[in-house]
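Note: the block below is target36.cif and it holds mmCIF, C-alpha atoms and all ligand atoms.
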data_protein
loop_
_atom_site.label_atom_id
_atom_site.label_comp_id
_atom_site.auth_asym_id
_atom_site.auth_seq_id
_atom_site.Cartn_x
_atom_site.Cartn_y
_atom_site.Cartn_z
CA MET A 1 0.00 0.00 0.00
CA GLN A 2 1.43 3.34 -1.04
CA PHE A 3 0.98 6.34 1.23
CA ILE A 4 0.55 9.74 -0.41
CA LYS A 5 1.34 12.94 1.47
CA THR A 6 -1.50 15.48 1.57
CA GLN A 7 -1.06 19.23 1.89
CA ASP A 8 -1.36 19.33 5.70
CA GLY A 9 1.50 16.80 6.01
CA SER A 10 -0.73 13.81 6.83
CA TYR A 11 -0.89 10.78 4.55
CA THR A 12 -3.66 9.19 2.54
CA VAL A 13 -3.88 6.18 0.21
CA PHE A 14 -5.12 5.84 -3.37
CA ASN A 15 -7.71 3.11 -3.94
CA GLN A 16 -7.16 1.31 -7.26
CA LYS A 17 -10.63 -0.22 -7.47
CA TYR A 18 -12.48 3.07 -7.06
CA GLN A 19 -9.68 5.22 -8.53
CA GLU A 20 -10.06 7.63 -5.62
CA HIS A 21 -8.01 8.86 -2.69
CA TYR A 22 -9.27 8.00 0.79
CA HIS A 23 -9.11 11.70 1.73
CA THR A 24 -8.96 15.10 0.13
CA ILE A 25 -5.48 15.93 -1.09
CA SER A 26 -5.76 19.27 0.73
CA GLY A 27 -5.32 17.42 4.05
CA ALA A 28 -6.41 14.07 5.45
CA LEU A 29 -6.14 15.04 9.10
CA GLU A 30 -7.61 18.48 8.48
CA GLU A 31 -10.58 16.80 6.81
CA ALA A 32 -11.11 14.57 9.85
CA PHE A 33 -11.15 17.51 12.25
CA GLU A 34 -12.91 20.12 10.12
CA LYS A 35 -15.50 18.11 8.16
CA HIS A 36 -16.28 15.61 10.90
CA VAL A 37 -15.15 16.08 14.52
CA ASN A 38 -15.41 19.88 14.83
CA ALA A 39 -18.29 20.15 12.35
CA VAL A 40 -20.63 18.11 14.53
CA GLY A 41 -18.91 18.50 17.93
CA VAL A 42 -17.95 15.64 20.21
CA GLU A 43 -18.50 15.38 23.97
CA ASN A 44 -17.03 12.99 26.53
CA GLY A 45 -18.96 9.74 26.71
CA PHE A 46 -20.48 10.00 23.23
CA HIS A 47 -21.33 6.90 21.23
CA ILE A 48 -19.93 7.38 17.72
CA LEU A 49 -20.41 5.35 14.57
CA ASP A 50 -17.58 5.60 12.03
CA PHE A 51 -19.17 4.39 8.80
CA CYS A 52 -16.17 3.47 6.60
CA PHE A 53 -13.31 3.55 9.08
CA GLY A 54 -10.35 3.26 6.68
CA LEU A 55 -7.18 4.56 8.34
CA GLY A 56 -9.28 5.71 11.29
CA TYR A 57 -8.53 9.42 11.06
CA ASN A 58 -12.06 10.51 11.97
CA SER A 59 -12.39 8.29 15.04
CA ILE A 60 -8.85 8.86 16.26
CA ALA A 61 -9.18 12.63 15.80
CA ALA A 62 -12.36 12.44 17.90
CA THR A 63 -10.45 10.91 20.81
CA ARG A 64 -8.11 13.91 21.09
CA GLY A 65 -9.03 15.81 24.25
CA HIS A 66 -11.94 13.48 24.99
CA LYS A 67 -12.60 10.57 27.33
CA ASN A 68 -15.05 7.70 27.65
CA LEU A 69 -15.97 7.70 23.93
CA LYS A 70 -17.49 4.48 22.65
CA ILE A 71 -16.71 4.27 18.94
CA ILE A 72 -17.79 1.57 16.53
CA GLY A 73 -16.02 1.48 13.17
CA LEU A 74 -17.42 -0.32 10.12
CA GLU A 75 -14.87 -1.36 7.50
CA ASN A 76 -14.64 -4.23 4.99
CA ASP A 77 -10.93 -4.10 4.11
CA ILE A 78 -8.55 -5.53 6.69
CA LYS A 79 -5.57 -4.35 4.58
CA ILE A 80 -6.37 -0.70 5.26
CA ILE A 81 -6.67 -1.46 8.99
CA GLU A 82 -3.25 -3.16 8.82
CA ALA A 83 -1.84 -0.01 7.21
CA ILE A 84 -2.58 1.98 10.39
CA LYS A 85 0.36 0.20 12.01
CA ASN A 86 2.92 1.95 9.77
CA LEU A 87 1.08 5.19 9.09
CA SER A 88 3.23 8.22 9.78
CA VAL A 89 1.07 10.92 11.41
CA PRO A 90 1.62 14.59 12.36
CA THR A 91 2.97 15.08 15.90
CA GLU A 92 -0.29 16.69 17.05
CA ILE A 93 -2.08 13.33 16.75
CA GLU A 94 0.82 10.93 17.41
CA ASN A 95 -0.22 9.98 20.96
CA GLU A 96 -3.79 9.28 19.93
CA PHE A 97 -2.70 7.03 17.04
CA ALA A 98 -0.19 5.22 19.27
CA ALA A 99 -3.04 3.67 21.24
CA PHE A 100 -4.86 2.30 18.19
CA ARG A 101 -2.08 1.06 15.88
CA ASN A 102 -2.84 -2.61 16.54
CA LEU A 103 -6.50 -2.60 15.55
CA ALA A 104 -5.86 -5.20 12.83
CA GLU A 105 -4.74 -7.72 15.49
CA ASN A 106 -7.06 -6.53 18.22
CA PRO A 107 -10.34 -5.12 16.87
CA GLU A 108 -11.36 -3.62 20.21
CA ILE A 109 -8.90 -1.28 21.92
CA THR A 110 -9.33 1.14 24.82
CA ASP A 111 -6.86 4.03 25.16
CA PRO A 112 -5.54 5.52 28.47
CA HIS A 113 -8.49 7.98 28.52
CA ASN A 114 -11.03 5.18 28.35
CA ASN A 115 -11.93 5.86 24.70
CA THR A 116 -12.80 2.57 23.01
CA ILE A 117 -12.70 1.80 19.31
CA LYS A 118 -14.37 -1.44 18.29
CA LEU A 119 -14.16 -2.53 14.66
CA ILE A 120 -16.76 -4.58 12.88
CA ILE A 121 -15.09 -6.00 9.78
CA GLY A 122 -17.47 -6.74 6.91
CA ASN A 123 -19.74 -5.07 4.40
CA ALA A 124 -21.15 -2.01 6.18
CA LEU A 125 -24.37 -2.39 4.18
CA GLN A 126 -24.91 -5.57 6.17
CA THR A 127 -23.07 -5.00 9.45
CA VAL A 128 -25.05 -1.80 10.05
CA TYR A 129 -28.01 -4.10 10.77
CA SER A 130 -26.23 -5.49 13.84
CA LEU A 131 -26.24 -2.08 15.58
CA PRO A 132 -28.66 -1.11 18.37
CA LYS A 133 -31.51 1.37 17.75
CA ASP A 134 -31.44 4.97 19.05
CA HIS A 135 -27.87 4.49 20.25
CA PHE A 136 -25.35 6.80 18.59
CA ASP A 137 -24.75 10.52 19.19
CA ARG A 138 -22.63 11.07 16.07
CA VAL A 139 -22.00 9.36 12.72
CA PHE A 140 -18.92 10.04 10.63
CA PHE A 141 -20.12 8.99 7.17
CA ASP A 142 -17.15 8.48 4.87
CA PRO A 143 -17.57 6.03 1.95
CA PHE A 144 -16.00 6.65 -1.45
CA SER A 145 -17.86 9.25 -3.49
CA PRO A 146 -21.52 8.89 -4.53
CA GLY A 147 -20.42 8.65 -8.18
CA LYS A 148 -18.14 5.70 -7.42
CA GLN A 149 -20.15 3.97 -4.67
CA PRO A 150 -23.80 5.00 -5.12
CA GLU A 151 -25.08 2.02 -3.08
CA MET A 152 -23.56 3.53 0.08
CA TRP A 153 -25.47 6.82 -0.26
CA SER A 154 -28.98 5.44 -0.76
CA ARG A 155 -32.15 6.37 1.06
CA LYS A 156 -32.19 2.86 2.53
CA VAL A 157 -28.76 3.32 4.14
CA PHE A 158 -29.68 6.73 5.55
CA GLN A 159 -32.92 5.28 6.90
CA LYS A 160 -30.96 2.59 8.71
CA LEU A 161 -28.56 5.17 10.12
CA TYR A 162 -31.51 7.32 11.19
CA ASN A 163 -32.81 4.35 13.19
CA VAL A 164 -29.56 3.68 15.03
CA ILE A 165 -28.95 7.28 16.17
CA LYS A 166 -30.58 9.20 18.99
CA PRO A 167 -33.02 12.09 18.44
CA GLY A 168 -30.87 15.22 17.97
CA ALA A 169 -27.86 13.16 16.87
CA LYS A 170 -25.76 14.41 13.95
CA LEU A 171 -24.15 12.84 10.90
CA SER A 172 -21.23 14.45 9.06
CA THR A 173 -20.08 13.82 5.51
CA TYR A 174 -17.96 15.53 2.88
CA SER A 175 -20.47 15.32 0.02
CA CYS A 176 -23.09 17.98 -0.71
CA ALA A 177 -24.50 16.20 -3.77
CA LYS A 178 -28.17 17.01 -4.34
CA SER A 179 -29.15 13.36 -4.67
CA VAL A 180 -27.39 12.55 -1.39
CA ARG A 181 -29.18 15.32 0.47
CA GLN A 182 -32.51 14.25 -1.06
CA ASN A 183 -31.95 10.71 0.20
CA MET A 184 -31.09 12.03 3.68
CA ILE A 185 -34.24 14.16 3.75
CA ALA A 186 -36.37 11.23 2.52
CA ALA A 187 -34.97 9.20 5.43
CA GLY A 188 -36.15 11.85 7.92
CA PHE A 189 -33.01 13.96 8.43
CA LYS A 190 -32.80 17.73 8.53
CA VAL A 191 -29.90 18.73 6.31
CA MET A 192 -27.58 21.73 6.51
CA ASP A 193 -24.33 22.92 5.01
CA GLY A 194 -21.19 21.81 6.74
CA PRO A 195 -17.90 23.70 6.56
CA ILE A 196 -16.12 24.56 3.31
CA VAL A 197 -12.69 22.95 3.58
CA GLY A 198 -10.23 22.29 0.78
CA ARG A 199 -12.73 22.91 -2.04
CA LYS A 200 -15.48 25.29 -3.15
CA SER A 201 -18.54 23.38 -1.99
CA PRO A 202 -19.63 22.74 1.58
CA ALA A 203 -19.73 19.47 3.46
CA THR A 204 -23.08 18.26 4.83
CA ILE A 205 -24.43 17.84 8.35
CA ALA A 206 -27.62 15.82 8.81
CA VAL A 207 -29.59 15.97 12.05
CA LYS A 208 -32.21 13.55 13.40
C1 LIG Q 301 -13.07 7.29 1.66
S1 LIG Q 301 -12.38 5.93 2.51
C2 LIG Q 301 -12.62 6.37 4.21
C3 LIG Q 301 -11.52 7.07 4.83
C4 LIG Q 301 -11.50 6.91 6.32
N1 LIG Q 301 -12.59 7.53 7.00
C5 LIG Q 301 -10.15 7.31 6.88
O1 LIG Q 301 -10.07 8.13 7.77
O2 LIG Q 301 -9.16 6.76 6.39
C6 LIG Q 301 -13.68 4.72 2.34
C7 LIG Q 301 -13.49 3.47 3.16
O3 LIG Q 301 -14.67 2.68 3.06
C8 LIG Q 301 -14.32 1.33 2.97
N2 LIG Q 301 -15.45 0.65 2.34
C9 LIG Q 301 -15.84 0.73 1.05
N3 LIG Q 301 -16.94 0.00 0.85
C10 LIG Q 301 -17.27 -0.55 2.04
C11 LIG Q 301 -18.30 -1.41 2.47
N4 LIG Q 301 -19.25 -1.85 1.63
N5 LIG Q 301 -18.33 -1.78 3.77
C12 LIG Q 301 -17.38 -1.34 4.64
N6 LIG Q 301 -16.38 -0.52 4.27
C13 LIG Q 301 -16.32 -0.13 2.99
C14 LIG Q 301 -13.05 1.32 2.17
O4 LIG Q 301 -12.31 0.14 2.36
C15 LIG Q 301 -12.35 2.57 2.71
O5 LIG Q 301 -11.54 2.25 3.79
#
In structure tokens, write the structure found in this file.
Amino acid sequence: MQFIKTQDGSYTVFNQKYQEHYHTISGALEEAFEKHVNAVGVENGFHILDFCFGLGYNSIAATRGHKNLKIIGLENDIKIIEAIKNLSVPTEIENEFAAFRNLAENPEITDPHNNTIKLIIGNALQTVYSLPKDHFDRVFFDPFSPGKQPEMWSRKVFQKLYNVIKPGAKLSTYSCAKSVRQNMIAAGFKVMDGPIVGRKSPATIAVK
């Protein structure tokens, strides 16, 4: 697996099957903080669903400065989880990554601040059905783009996510595609612009 340096100094990977980077080239770590963690806000003790965990930037960024988080990550590619072991990360997030480097060998790890990441390896379109109802406070929604992976951005998937989150809970994603927002709204979400980071168009925040 070949790591590619993004403009904030953090690394991403290029996926051959989807012909897409895992993150924006303007900054993988910046994307995690600005489009996900800071965009929706995280509080100690939150239950978080990381839908398409990849290298874990979104979840691991969420643990910085927080305690008692219960994070579930859905991911179908064990190779990308293995790549976390050798991922070089900016110093600001080094300690947080240090705790979770062995997720490929141990899919449930708790860091010194009692933040737990538990991975469910498999097709997220199926594993999402194993999650409890009305449970999560936040969802980081991060599949490949709607053009490349339309099945991930369907009304059915958003309906399932709507069911597993609490009233008032928020979902963050980088896409602002009209069809995506229509599917979110059809599933019951209120939809608003997220921050503009690394490109002209805004991200999206969906609220139950
Ligand atoms: C855009 S990348 C996510 C980047 C990730 N959030 C990170 O911080 O590295 C999309 C991820 O979704 C995973 N993925 C794609 N299809 C999936 C599926 N059906 N079920 C679970 N994971 C899937 C890919 O393996 C990849 O790791």
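One distance worth recording is that between atom CA of Thr63 of chain A and atom CA of Phe140 of chain A, which is 13.3 Å.
For ligand LIG 301 (chain Q), the neighbouring polymer residues at 6 Å or closer are Tyr22, His23, Cys52, Phe53, Gly54, Leu55, Gly56, Tyr57, Asn58, Leu74, Glu75, Asn76, Asp77, Gly122, Asn123, Ala124, Leu125, Asp142, Pro143 and Phe144 of chain A, all atoms listed in the file being used.
Every protein or nucleic acid residue with an atom no more than 10 Å from Pro112 of chain A, counting all atoms listed in the file and leaving out same-chain residues fewer than 2 positions away, appears here: Lys67, Asn68, Glu96, Ala99, Thr110, Asn114, Asn115 and Thr116 of chain A.
Across A:Lys170, A:Lys200, A:Lys118, A:Arg181, the tightest approach to Arg155 of chain A is made by A:Arg181 when counting all atoms listed in the file.
Of the listed residues (A:Ser175, A:Thr6, A:Asn106, A:Gln149), A:Ser175 comes nearest to Ser201 of chain A; the distances count only C-alpha atoms.
Taking atom CA of Ile72 of chain A and atom CA of His47 of chain A as the two end points, the separation is 7.9 Å.
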